[in-house]
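Just below is one structure, and these are the notes that go with it.
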Amino acid sequence: MKITFNKPLDRESAETPANYSITGINHTGYNAVPEKVTYNPVADPYSVILYMPAASPLQKDKVYMVNAMGTLKDSLGSILPSKISYVLTCSNATVTKPFIKEAVTISSDSIRVDFNKEIMLNEPSILTSNYILQYMDNGDSVSKAPLSMCIINKTRIILKFDKLDQNTAYKLSFGILQDYSGNASGSDAGTQSTVNVSAGK
């Protein structure tokens, strides 16, 4: 959920989940605080993104009150004069779990991995052991983990191996990926976790 204000915010205050709450108007008993809040003062100093808990999803066509509490500060350190509330009708309640959108070889030893959404940069997602490269070698099935990982941002990583053969068909699997709401996918979560690796140009 994206909230846009009329002035830039203090980053620490903007990213404090307790400064926001969502209550149900016709969603009886709904009352939740974001699991995570992100704020980028460079790309968009007026907006925050709220990630609601996976256990407390919004429901399509239900109406909610979105509250920015009076403890929220602007970029000058001034506290809001009072709580700001906005009525929201949920038009899309589809829950999209994180997955690998694309895996592409970019050199003789590296694969670029792009995710469909921002993932939590914590264990096990940032461990090389969370990713396994699979391929056939003279009729034998081979599996190996990356030697190292370079985190580009929350939607892209680079996995480095000892060597990659441009003529070999590779598959990349992952143990688990988790987004900011707590939604998880992967072999450890009982969902599809393998993608074909494309050969880069």
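Note on naming: chains are A, B, ... as they come in the structure tokens, residues start from 1 per chain, ligands start from 1 in the order shown.
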Do you know which residues are at most 8 Å from Pro34 of chain A counting only C-alpha atoms, after dropping those on the same chain fewer than 5 positions away, and could you put them as a PyMOL selection string? chain A and resi 17-18+20-21+50-53
Could you pull out the strand (DSSP E or B) residues of segment 77-188 of chain A from DSSP and send them as a ChimeraX atom specification? /A:79,84-89,100-105,110-115,131-137,140-144,148-153,156-160,171-174,177-178,184-185
Residues from last step as file, N, CA and C atoms, as a tab-separated table (two decimals), in the first residue's frame:
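The result, stored in result32.tsv:
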```tsv
chain	number	residue	atom	x	y	z
A	79	ILE	N	6.27	17.30	14.29
A	79	ILE	CA	5.28	16.24	14.44
A	79	ILE	C	3.96	16.68	13.83
A	84	ILE	N	-3.81	11.75	10.77
A	84	ILE	CA	-4.39	11.91	9.44
A	84	ILE	C	-5.02	10.59	9.04
A	85	SER	N	-6.28	10.63	8.62
A	85	SER	CA	-6.97	9.41	8.24
A	85	SER	C	-7.52	9.51	6.82
A	86	TYR	N	-7.52	8.37	6.13
A	86	TYR	CA	-7.98	8.33	4.75
A	86	TYR	C	-8.78	7.05	4.55
A	87	VAL	N	-9.92	7.18	3.89
A	87	VAL	CA	-10.76	6.02	3.62
A	87	VAL	C	-10.30	5.35	2.33
A	88	LEU	N	-10.04	4.04	2.41
A	88	LEU	CA	-9.53	3.29	1.27
A	88	LEU	C	-10.44	2.10	0.98
A	89	THR	N	-10.81	1.96	-0.30
A	89	THR	CA	-11.50	0.75	-0.74
A	89	THR	C	-10.49	-0.14	-1.44
A	100	ILE	N	11.64	-16.06	-8.41
A	100	ILE	CA	12.67	-15.62	-9.36
A	100	ILE	C	11.99	-15.35	-10.70
A	101	LYS	N	12.02	-14.11	-11.12
A	101	LYS	CA	11.41	-13.71	-12.38
A	101	LYS	C	12.28	-14.09	-13.57
A	102	GLU	N	13.61	-13.97	-13.37
A	102	GLU	CA	14.54	-14.27	-14.46
A	102	GLU	C	15.91	-14.59	-13.89
A	103	ALA	N	16.56	-15.58	-14.49
A	103	ALA	CA	17.94	-15.93	-14.15
A	103	ALA	C	18.71	-16.00	-15.47
A	104	VAL	N	19.77	-15.19	-15.58
A	104	VAL	CA	20.49	-15.06	-16.85
A	104	VAL	C	22.00	-15.12	-16.60
A	105	THR	N	22.71	-15.91	-17.42
A	105	THR	CA	24.17	-15.91	-17.32
A	105	THR	C	24.69	-14.59	-17.89
A	110	SER	N	29.07	-16.20	-13.78
A	110	SER	CA	28.08	-15.47	-12.99
A	110	SER	C	26.68	-15.53	-13.59
A	111	ILE	N	25.69	-15.54	-12.71
A	111	ILE	CA	24.28	-15.53	-13.10
A	111	ILE	C	23.59	-14.36	-12.40
A	112	ARG	N	22.89	-13.55	-13.19
A	112	ARG	CA	22.09	-12.46	-12.62
A	112	ARG	C	20.70	-12.99	-12.31
A	113	VAL	N	20.24	-12.74	-11.10
A	113	VAL	CA	18.93	-13.23	-10.66
A	113	VAL	C	18.04	-12.03	-10.34
A	114	ASP	N	16.89	-11.95	-11.01
A	114	ASP	CA	15.92	-10.88	-10.76
A	114	ASP	C	14.67	-11.47	-10.12
A	115	PHE	N	14.20	-10.84	-9.05
A	115	PHE	CA	12.99	-11.27	-8.36
A	115	PHE	C	11.80	-10.45	-8.84
A	131	TYR	N	20.59	-21.18	-2.69
A	131	TYR	CA	20.46	-21.29	-4.14
A	131	TYR	C	21.28	-22.49	-4.65
A	132	ILE	N	20.68	-23.28	-5.51
A	132	ILE	CA	21.34	-24.46	-6.05
A	132	ILE	C	21.22	-24.46	-7.58
A	133	LEU	N	22.36	-24.62	-8.25
A	133	LEU	CA	22.40	-24.73	-9.71
A	133	LEU	C	22.40	-26.21	-10.08
A	134	GLN	N	21.53	-26.59	-11.00
A	134	GLN	CA	21.39	-27.99	-11.39
A	134	GLN	C	21.60	-28.14	-12.89
A	135	TYR	N	22.30	-29.20	-13.29
A	135	TYR	CA	22.52	-29.47	-14.71
A	135	TYR	C	22.98	-30.91	-14.89
A	136	MET	N	23.02	-31.35	-16.15
A	136	MET	CA	23.45	-32.70	-16.48
A	136	MET	C	24.86	-32.65	-17.04
A	137	ASP	N	25.70	-33.59	-16.61
A	137	ASP	CA	27.09	-33.68	-17.08
A	137	ASP	C	27.38	-35.14	-17.42
A	140	ASP	N	25.06	-37.54	-15.85
A	140	ASP	CA	24.95	-37.46	-14.39
A	140	ASP	C	24.32	-36.13	-13.98
A	141	SER	N	23.46	-36.18	-12.99
A	141	SER	CA	22.85	-34.96	-12.46
A	141	SER	C	23.80	-34.30	-11.47
A	142	VAL	N	24.07	-33.02	-11.69
A	142	VAL	CA	25.01	-32.27	-10.84
A	142	VAL	C	24.28	-31.11	-10.17
A	143	SER	N	24.54	-30.91	-8.91
A	143	SER	CA	23.98	-29.77	-8.17
A	143	SER	C	25.11	-29.07	-7.42
A	144	LYS	N	25.13	-27.75	-7.47
A	144	LYS	CA	26.16	-27.02	-6.73
A	144	LYS	C	25.65	-25.65	-6.31
A	148	SER	N	29.88	-17.40	-4.22
A	148	SER	CA	29.65	-16.11	-3.55
A	148	SER	C	28.41	-15.45	-4.14
A	149	MET	N	27.99	-14.38	-3.47
A	149	MET	CA	26.81	-13.63	-3.90
A	149	MET	C	27.06	-12.14	-3.77
A	150	CYS	N	26.58	-11.38	-4.75
A	150	CYS	CA	26.64	-9.92	-4.69
A	150	CYS	C	25.21	-9.39	-4.71
A	151	ILE	N	24.83	-8.69	-3.66
A	151	ILE	CA	23.47	-8.13	-3.58
A	151	ILE	C	23.48	-6.76	-4.25
A	152	ILE	N	22.75	-6.63	-5.36
A	152	ILE	CA	22.67	-5.36	-6.08
A	152	ILE	C	21.62	-4.46	-5.43
A	153	ASN	N	20.44	-5.00	-5.22
A	153	ASN	CA	19.37	-4.31	-4.51
A	153	ASN	C	18.36	-5.36	-4.04
A	156	ARG	N	17.43	-7.74	-7.05
A	156	ARG	CA	18.45	-8.32	-7.93
A	156	ARG	C	19.69	-8.74	-7.15
A	157	ILE	N	20.20	-9.94	-7.48
A	157	ILE	CA	21.46	-10.43	-6.92
A	157	ILE	C	22.29	-11.03	-8.06
A	158	ILE	N	23.59	-11.17	-7.82
A	158	ILE	CA	24.48	-11.85	-8.74
A	158	ILE	C	25.08	-13.04	-8.01
A	159	LEU	N	24.94	-14.23	-8.61
A	159	LEU	CA	25.51	-15.45	-8.05
A	159	LEU	C	26.75	-15.82	-8.85
A	160	LYS	N	27.86	-16.09	-8.14
A	160	LYS	CA	29.11	-16.44	-8.81
A	160	LYS	C	29.45	-17.90	-8.55
A	171	LYS	N	19.40	-25.13	-14.50
A	171	LYS	CA	18.21	-24.76	-13.73
A	171	LYS	C	18.69	-24.22	-12.38
A	172	LEU	N	18.00	-23.19	-11.89
A	172	LEU	CA	18.35	-22.60	-10.60
A	172	LEU	C	17.17	-22.77	-9.65
A	173	SER	N	17.44	-23.30	-8.48
A	173	SER	CA	16.39	-23.46	-7.48
A	173	SER	C	16.76	-22.69	-6.22
A	174	PHE	N	15.75	-22.38	-5.41
A	174	PHE	CA	15.99	-21.67	-4.16
A	174	PHE	C	15.20	-22.34	-3.04
A	177	LEU	N	12.24	-17.71	-0.23
A	177	LEU	CA	12.28	-16.25	-0.39
A	177	LEU	C	11.11	-15.69	0.40
A	178	GLN	N	11.33	-14.56	1.03
A	178	GLN	CA	10.27	-13.95	1.84
A	178	GLN	C	10.20	-12.47	1.55
A	184	ALA	N	5.97	-16.16	1.88
A	184	ALA	CA	7.16	-16.94	1.54
A	184	ALA	C	6.86	-17.92	0.41
A	185	SER	N	7.90	-18.23	-0.36
A	185	SER	CA	7.80	-19.23	-1.41
A	185	SER	C	9.13	-19.96	-1.51
```
Find the spatial neighbours of Glu118 of chain A, counting only C-alpha atoms, within a cut-off of 8 Å - ignore same-chain residues fewer than 6 positions away - and output them as an mmCIF file with C-alpha atoms, in the first residue's frame.
```cif
data_model
loop_
_atom_site.group_PDB
_atom_site.id
_atom_site.type_symbol
_atom_site.label_atom_id
_atom_site.label_comp_id
_atom_site.auth_asym_id
_atom_site.auth_seq_id
_atom_site.Cartn_x
_atom_site.Cartn_y
_atom_site.Cartn_z
ATOM 1 C CA PRO A 98 8.140 -13.672 -4.181
ATOM 2 C CA LYS A 154 16.224 -5.866 -3.053
ATOM 3 C CA THR A 155 15.124 -7.242 -6.421
ATOM 4 C CA ASP A 179 8.810 -10.521 1.160
ATOM 5 C CA TYR A 180 8.262 -7.698 3.653
#
```
Give me, as a list in words, the residues of chain A that a backbone DSSP run labels helix (DSSP H, G or I).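 Residues of chain A classed as helix (DSSP H, G or I): Arg11, Glu12, Ser13, Ala14, Pro17, Ala18, Asn19, Thr128, Ser129, Asn130, Ser187, Asp188 and Ala189 of chain A.
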For the atom pair atom CA of Thr71 of chain A and atom CA of Asn19 of chain A, what is the interatomic distance in Å to one decimal place?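 These atoms are spaced 6.2 Å apart.
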Extract, using only C-alpha atoms, all DNA, RNA and protein residues at most 6 Å from Thr38 of chain A, discarding same-chain residues fewer than 6 positions from it, and format them as a list in words.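 After dropping sequence-adjacent residues, the list is Glu15, Val48 and Ile49 of chain A.
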Got time to write the residues from that selection, N, CA and C atoms, as an mmCIF file, in the first residue's frame?
```cif
data_model
loop_
_atom_site.group_PDB
_atom_site.id
_atom_site.type_symbol
_atom_site.label_atom_id
_atom_site.label_comp_id
_atom_site.auth_asym_id
_atom_site.auth_seq_id
_atom_site.Cartn_x
_atom_site.Cartn_y
_atom_site.Cartn_z
ATOM 1 N N GLU A 15 9.699 5.279 8.490
ATOM 2 C CA GLU A 15 9.874 3.836 8.418
ATOM 3 C C GLU A 15 9.517 3.119 9.723
ATOM 4 N N VAL A 48 5.411 6.695 1.212
ATOM 5 C CA VAL A 48 5.868 5.504 1.925
ATOM 6 C C VAL A 48 5.115 4.305 1.368
ATOM 7 N N ILE A 49 5.723 3.133 1.501
ATOM 8 C CA ILE A 49 5.077 1.887 1.112
ATOM 9 C C ILE A 49 4.838 1.065 2.374
#
```
With segment 3-10 of chain A as the partner and 8 Å as the cut-off, tabulate the residues of segment 22-87 of chain A that qualify, each row holding the nearest pair of atoms and their distance in Å to one decimal, using only C-alpha atoms, sorted by chain and rising number, as CSV.
```
residue,atom,partner,partner_atom,distance
A:Pro41,CA,A:Pro8,CA,7.4
A:Pro45,CA,A:Pro8,CA,4.9
A:Tyr46,CA,A:Pro8,CA,4.7
A:Ser47,CA,A:Thr4,CA,4.2
A:Val48,CA,A:Ile3,CA,5.4
A:Ile49,CA,A:Ile3,CA,6.4
A:Leu50,CA,A:Ile3,CA,7.7
A:Lys73,CA,A:Asp10,CA,5.6
A:Asp74,CA,A:Leu9,CA,3.9
A:Ser75,CA,A:Asp10,CA,4.1
A:Leu76,CA,A:Asp10,CA,7.1
A:Gly77,CA,A:Asp10,CA,6.5
```
Please produce a file of the residues just selected, as a PDB file, in the first residue's frame, where the atoms kept are C-alpha atoms.
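File produced: out.pdb:
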```
ATOM      1  CA  PRO A  41      13.813  10.161   0.352  1.00  0.00           C
ATOM      2  CA  PRO A  45      10.409  11.911  -0.593  1.00  0.00           C
ATOM      3  CA  TYR A  46       6.614  12.280  -0.324  1.00  0.00           C
ATOM      4  CA  SER A  47       5.572   8.614  -0.228  1.00  0.00           C
ATOM      5  CA  VAL A  48       5.868   5.504   1.925  1.00  0.00           C
ATOM      6  CA  ILE A  49       5.077   1.887   1.112  1.00  0.00           C
ATOM      7  CA  LEU A  50       3.231  -0.117   3.768  1.00  0.00           C
ATOM      8  CA  LYS A  73       7.448  13.627  11.687  1.00  0.00           C
ATOM      9  CA  ASP A  74       8.186  15.607   8.547  1.00  0.00           C
ATOM     10  CA  SER A  75      11.713  16.185   7.198  1.00  0.00           C
ATOM     11  CA  LEU A  76      12.152  19.224   9.477  1.00  0.00           C
ATOM     12  CA  GLY A  77      11.361  17.170  12.571  1.00  0.00           C
TER      13      GLY A  77
END
```
Would you pick out the contacts of Gly29 of chain A at 12 Å or less, using only C-alpha atoms, so that residues sharing its chain but fewer than 4 positions from it are not included, and give the list as a tab-separated table (two decimals) with N, CA and C atoms, in the first residue's frame?
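Here's the written file out39.tsv:
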```tsv
chain	number	residue	atom	x	y	z
A	22	ILE	N	-4.21	0.49	10.26
A	22	ILE	CA	-5.30	0.29	9.30
A	22	ILE	C	-6.42	-0.43	10.04
A	23	THR	N	-7.60	0.14	10.00
A	23	THR	CA	-8.76	-0.47	10.65
A	23	THR	C	-9.86	-0.70	9.62
A	24	GLY	N	-10.63	-1.75	9.82
A	24	GLY	CA	-11.70	-2.07	8.89
A	24	GLY	C	-12.95	-1.26	9.18
A	25	ILE	N	-13.55	-0.75	8.11
A	25	ILE	CA	-14.83	-0.06	8.25
A	25	ILE	C	-15.97	-1.06	8.06
A	56	SER	N	-2.65	-10.83	8.06
A	56	SER	CA	-3.73	-9.84	8.11
A	56	SER	C	-3.91	-9.16	6.76
A	58	LEU	N	-5.61	-7.50	3.41
A	58	LEU	CA	-6.81	-6.74	3.08
A	58	LEU	C	-7.69	-7.60	2.17
A	64	TYR	N	-11.52	0.44	4.31
A	64	TYR	CA	-10.63	0.56	5.46
A	64	TYR	C	-10.32	2.02	5.77
```
Compare A:Ala145, A:Lys62, A:Met1, A:Phe161 by their minimum atom-to-atom distance to Lys36 of chain A, counting only C-alpha atoms, and give me the closest one.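 For Lys36 of chain A, the nearest of the candidates is A:Met1.
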Given the choices A:Leu80, A:Ile126, A:Cys90, A:Ile176, which gets closest to Ser193 of chain A if the distance is worked out from only C-alpha atoms?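 Distance minimum relative to Ser193 of chain A lands on A:Ile176.
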